[in-house]
Structure formats: structure tokens, C-alpha cells
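Undergrad: First, the structure itself, so that you have it in front of you.
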Amino acid sequence: MIQNQNLLNKAGLPRHLAWGYLGVLIFMMGDGVEQGWLSPYLIEHGMNIQQSASLFTVYGITIAISSWFSGVLAESYGPRKAMLMGLLLYIIGTIGFVGIGMAKLDYGAMLFFYAIRGFGYPLFAYSFMVWVTYRTPQNMLGRAVGWFWFVFTGGLNVLGAYYSSWAIGRLGYENTLWSSILWVLVGAFFALVLNKDKFETKASQGSKWKELANGLTIVKKEPKVLLGGIVRVINTTAQFAFPVFLPLYMAEHGFTTKEWLQIWGTIFTSNIIFNLIFGFVGDRMGWQNTIMWFGGVGCAITTVLFYYSPIWFDGSYWAVMASGVAWGALLAGYVPLSALVPSLVKEDKGAAMAILNLGAGLPVFVGPALVGVLIGTIGSAGVIWVLAGLYVLSAILTKFITIDKVAESKEVKEIV
């Protein structure tokens, strides 16, 4: 038992939170069942691409709000309560979206309930990341957050995609969405019931509103936190923009929905593996350098390659797969950002995480909104070049996110 505990610690996975990591993996699998096919499904049932983009934009707005609240609510009330709130909102939103919106093709109901659903996963998953940040030693924090993004992305984009590619042929589209409720309940059981780790809230009852305010005022006290939040937005903007228009673009080049889902799932299989790798790389090579070169510059190049690979390689399935896998791998180069930003402040780490979580939530809004605004004027190719340019901008901004050299050397030292 002691040997297993040591192995977990050396791998950077906090053993006292292991059940929580498993719970986030399963919860995010339930949340991700529709990501790869919902947009083309709705368009096939009478919506246009702008309406689909608007749906995901509204969804993204509530995700962004919930992402910000997750940091300070987890710190003030405890992550367990914040995660339970996220579970309940997810279930309510799913019941309304599928049972009323999709069943009756009621666009207004879809907007309303999908927005409620959007409050769910940030409160659940990002509150757990605050838990990890507070309960993990600094010398293994890069690896610990690497494991968080491993389970988060593995559930949302890998297991969710592969499960839906299996389920929609056997259960149908609507029943596949209904089944997501079962998976989030299983995930919550692991993360909230089997996970026995204790978290002492920082704020007293009278200071909870002050903690909420800290989630905004922290950017004035430490402007580098704001830069980190902006870089975090850019990190996954393409991830949430791609599903709005790339399935249709790939269909024009002969790819079926099943083939696209397999490509999308494999992309994030690569991503979750490299989430762990770049957690180790960041702890040794330096968080800032990893983000700049692997994340920013690497993603700029592979974003363009991914888009043009069906043209350059005459619709080759494996060429598209390989370029997508390269993009997914380098997307993980941003993983050390979750260690870098909280390390910019000695106190109010929950407030710093609130900004970072807001940056994680905004792409769900920014990505589809970017597509909705630009695709009609500059086309899908123009959107791709804008996304590539944003990645370059993130590399430049990261250059200015520095922490004290003495503190940094202590934080990134190898665990013995």
C-alpha cells in the first residue's frame, strides 16, 4: 500500500484526491456526449449555422460565469458544495434541453435550458481544480494539474466522443443525451462520496462576499493574473470553435460524421497523454517556456496544418488524423498555466484560480461567437488564420507572465 502511495506521489497524482480525479473523468464523459455532433444534428433539423453558433454562444456565456464563480465559491463554501450545485444544475438543464427543447424542436427552450446546463460542469470540475491547487505541494503542482486536465479532457473529448459514436447508432441522438445523466451521477458518486479528503474553507461567514469580490480585484493587485486569464482564453478557443464548422467542412471533403467523431476523439486521446507529459516538462523545463513554445507557437502551426490537410493530402483520412493529433498534443503545452497563475500570488489563490477558470470558461462562448461573427464574411479559412494568430499572441503575452526567480526554482524542483 505504501509503495502504491509513493508511486502516485511520484507520478504527481495526489493520492488523497484520487477518487475525485476519477469522478471528474466520468462526469466530463457524460457532459461531452454531444460535443462532436450536436451542431450538424441541429442544422439537419432546420437550424442554420448562425443559430447553432448562437446556441453554443449562450451556453458559453453561462459556462464563463460559472467558471469564475467556481474559484471563489469553492474557496468560500468548499468545493464539495460547489460541485454538488454544478451536478444539480447540469441535470436540470439536460432534462429541459432534451425533454422540451429537442423533443419539440423549440429553439427558445433549447437556448434557455442549454444555458442552465452550462452552469453545471464548471462548478463541478473547476471547483475540484481549486481543491487540487490548495491540497497539492508546490513541487508537484505542475503534474497534479496535468492529471486534472488529463481526466477533464479525457472525459469531455475522448470518452465522450467515443461513447457517443457508439451510442448514437444504438440509442439514437436524444437517448444518448439522456444517458449523460447516468454518467454524471456516477462521476459525482466517486468525487463527492468516495472522495473523503477534507477541505477547510478560507473565508468566514462574514467575509464570503469579500472573497467573491477578490475574484475580480485580484487583477488590479497582480496584473499578470489577468494576462494569464487572457492566455487561458486563447488556449481552447479553437477547441470550441472547431466543432461549429469543421464537421461541415470535413463533410465537404468526404468525411462522414462517424469518421469525424473518431478523428476528434483521437485528437484528444493525444491531448490527454500530452497533458501528463507537459506537466512533467513544465516542472523541469519551466512553465513559461513550455507554454510559449509548445503551446502558443506549436498550436499556431498545427491549427493551419489541420485545416489544410484535407486539401494538401487529397482528403487522406490518416493525414487529417495525424495533423489533428499534432494539434491536440501541442494544445497540452498550456497545461503549466494552471500552476503558473496561482503561483503569482502568495494569498488569494482561489481568486487567481477564479480568473483562470473564467479564462477556461470563456472559450466555450468566444469560440462559437467568433465563428458566428466571422464565417459569413471571411469564410472558414479566414477563421482558421484568426485562430492561428491568437495562438501567436498568447505566446507573446506569456513572455510577460513571470514570477520571482527564487520562488520559481523552489516551485519547479523535482520531487524526491
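The way I read the labels, and the way they are meant: chains A, B, ... in the order of the C-alpha cells, residue 1 as the first residue of every chain, and ligand 1 as the first ligand shown, with later ones counted on from there.
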Name all residues at most 7 Å from stretch 84-97 of chain A (count only C-alpha atoms; drop same-chain ones fewer than 3 positions away) and give them as a list of chain:residue names.
TA: A:Arg80, A:Lys81, A:Ile100, A:Gly101, A:Met102, A:Ala109, A:Met110, A:Phe113, A:Tyr114, A:Ile116, A:Arg117, A:Phe119, A:Gly120, A:Tyr121, A:Leu123, A:Phe124, A:Ile181
Undergrad: Could those selected residues go to a file with C-alpha atoms, as a compact mmCIF listing (two decimals), in the first residue's frame?
TA:
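Written output follows (part.txt):
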# COMPACT_ATOMS: atom_id res chain seq x y z
CA ARG A 80 -17.81 19.78 -2.29
CA LYS A 81 -20.84 22.10 -2.06
CA ILE A 100 -38.62 20.07 -24.11
CA GLY A 101 -36.18 21.75 -26.48
CA MET A 102 -35.06 18.86 -28.70
CA ALA A 109 -36.40 26.27 -24.87
CA MET A 110 -33.11 24.98 -26.23
CA PHE A 113 -32.12 25.05 -20.81
CA TYR A 114 -28.76 24.69 -22.57
CA ILE A 116 -28.76 26.32 -17.41
CA ARG A 117 -26.83 23.19 -18.34
CA PHE A 119 -23.59 26.27 -15.27
CA GLY A 120 -23.02 22.60 -14.45
CA TYR A 121 -19.61 21.32 -15.43
CA LEU A 123 -18.87 24.30 -10.91
CA PHE A 124 -18.16 20.59 -10.74
CA ILE A 181 -27.40 12.00 -16.67
Undergrad: Would you kindly return, as a ChimeraX atom specification, each protein, DNA or RNA residue with an atom no farther than 12 Å from any atom of stretch 249-251 of chain A, considering only C-alpha atoms and excluding same-chain residues fewer than 4 positions away?
TA: /A:40,242-245,255-261,263-264,306-311,314-317,320-321,375,379-381,384
Undergrad: One number please: atom CA of A:Gly46 to atom CA of A:Met29, in Å, one decimal.
TA: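 Those two atoms sit 27.6 Å apart.
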Undergrad: Just checking: using only C-alpha atoms, which residue out of A:Ile218, A:Met285, A:Ala238, A:Ile291 ends up closest to A:Val345?
TA: A:Ile218
Undergrad: Find the residues near stretch 146-154 of chain A: any atom within 7 Å, counting only C-alpha atoms, skip ones fewer than 4 places away on the same chain, and give them as a list of chain:residue names.
TA: A:Leu13, A:Tyr21, A:Val24, A:Leu25, A:Met28, A:Met129, A:Gly142, A:Val158, A:Leu159, A:Phe268, A:Thr269, A:Ile272, A:Ile273, A:Asn275, A:Leu276, A:Gly279, A:Val335
Undergrad: List every residue of stretch 199-375 of chain A that DSSP, applied to the backbone of this structure, assigns to alpha helix (DSSP H), and report them as a PyMOL selection string.
TA: chain A and resi 208-221+223-252+257-285+287-289+298-312+317-331+337-340+349-361+363-375
Undergrad: From the set A:Ser39, A:Gln50, A:Phe199, A:Asp31, which residue has the shortest atom-to-atom contact distance to A:Leu17, counting only C-alpha atoms?
TA: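 Nearest candidate to A:Leu17 out of A:Ser39, A:Gln50, A:Phe199, A:Asp31: A:Phe199.
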Undergrad: Any idea what's packed within 9 Å of stretch 170-178 of chain A, counting only C-alpha atoms, ignoring anything in its chain fewer than 2 positions away? Could you give it as a PyMOL selection string?
TA: chain A and resi 30-31+33-34+38+41+94-95+98-99+102-103+163-164+166-168+180-182
Undergrad: Residues within 7 Å of stretch 221-236 of chain A, please, as a PyMOL selection string. Count only C-alpha atoms; anything in the same chain fewer than 2 positions from it doesn't count.
TA: chain A and resi 217-219+238-240+334+341+352+355-356+359-360+362-363+390-391+394+397+401
Undergrad: Could the residues in this selection be saved with C-alpha atoms as a compact mmCIF listing (two decimals), in the first residue's frame?
TA:
# COMPACT_ATOMS: atom_id res chain seq x y z
CA THR A 217 -9.93 42.78 -7.70
CA ILE A 218 -7.06 40.30 -7.89
CA VAL A 219 -6.28 41.52 -11.43
CA ALA A 238 -10.14 26.84 -31.27
CA GLN A 239 -11.24 23.72 -29.39
CA PHE A 240 -14.76 25.15 -29.07
CA TYR A 334 -0.68 25.22 -21.99
CA VAL A 341 -1.02 31.65 -12.44
CA ALA A 352 -6.35 33.82 -9.03
CA ILE A 355 -9.66 34.36 -13.20
CA LEU A 356 -8.01 31.29 -14.69
CA GLY A 359 -10.43 32.06 -18.91
CA ALA A 360 -11.19 28.36 -19.23
CA LEU A 362 -14.91 31.94 -21.90
CA PRO A 363 -13.70 29.91 -24.93
CA LEU A 390 -4.43 34.29 -31.49
CA TYR A 391 -2.08 31.44 -30.60
CA SER A 394 -0.71 34.07 -26.49
CA LEU A 397 1.71 37.59 -23.73
CA ILE A 401 3.97 36.36 -17.09
Undergrad: From the options A:Trp327, A:Phe112, A:Trp287, A:Trp293, which residue's atoms come nearest to A:Asn271, counting only C-alpha atoms?
TA: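 Counting only C-alpha atoms, the residue closest to A:Asn271 is A:Trp327.
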Undergrad: From the options A:Ala125, A:Met353, A:Leu246, A:Val72, which residue's atoms come nearest to A:Gly23, counting only C-alpha atoms?
TA: A:Ala125
Undergrad: Under the rule that only C-alpha atoms are counted, which of A:Gly20, A:Leu192, A:Asn157, A:Ala144 is the nearest residue to A:Ala82?
TA: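 Of all the options, A:Leu192 lies closest to A:Ala82.
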Undergrad: Quick check, in Å to one decimal: how far apart do atom CA of A:Leu358 and atom CA of A:Tyr107 lie?
TA: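 Between these atoms lies a distance of 26.9 Å.
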Undergrad: Between atom CA of A:Ala322 and atom CA of A:Pro247, what is the distance in Å, rounded to a tenth?
TA: 16.8 Å
Undergrad: Counting only C-alpha atoms, what is within 7 Å of A:Thr62, bar same-chain residues fewer than 4 positions away, as a list in words?
TA: Val58, Ser66, Ala115, Gly118 and Phe119 of chain A
Undergrad: Keeping only C-alpha atoms, write the selected residues to a file as a CSV table (one decimal), in the first residue's frame.
TA:
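Now in again_32.csv:
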chain,number,residue,atom,x,y,z
A,58,VAL,CA,-25.3,31.4,-24.9
A,66,SER,CA,-20.0,29.6,-13.7
A,115,ALA,CA,-27.8,27.9,-20.8
A,118,GLY,CA,-23.8,25.4,-19.0
A,119,PHE,CA,-23.6,26.3,-15.3
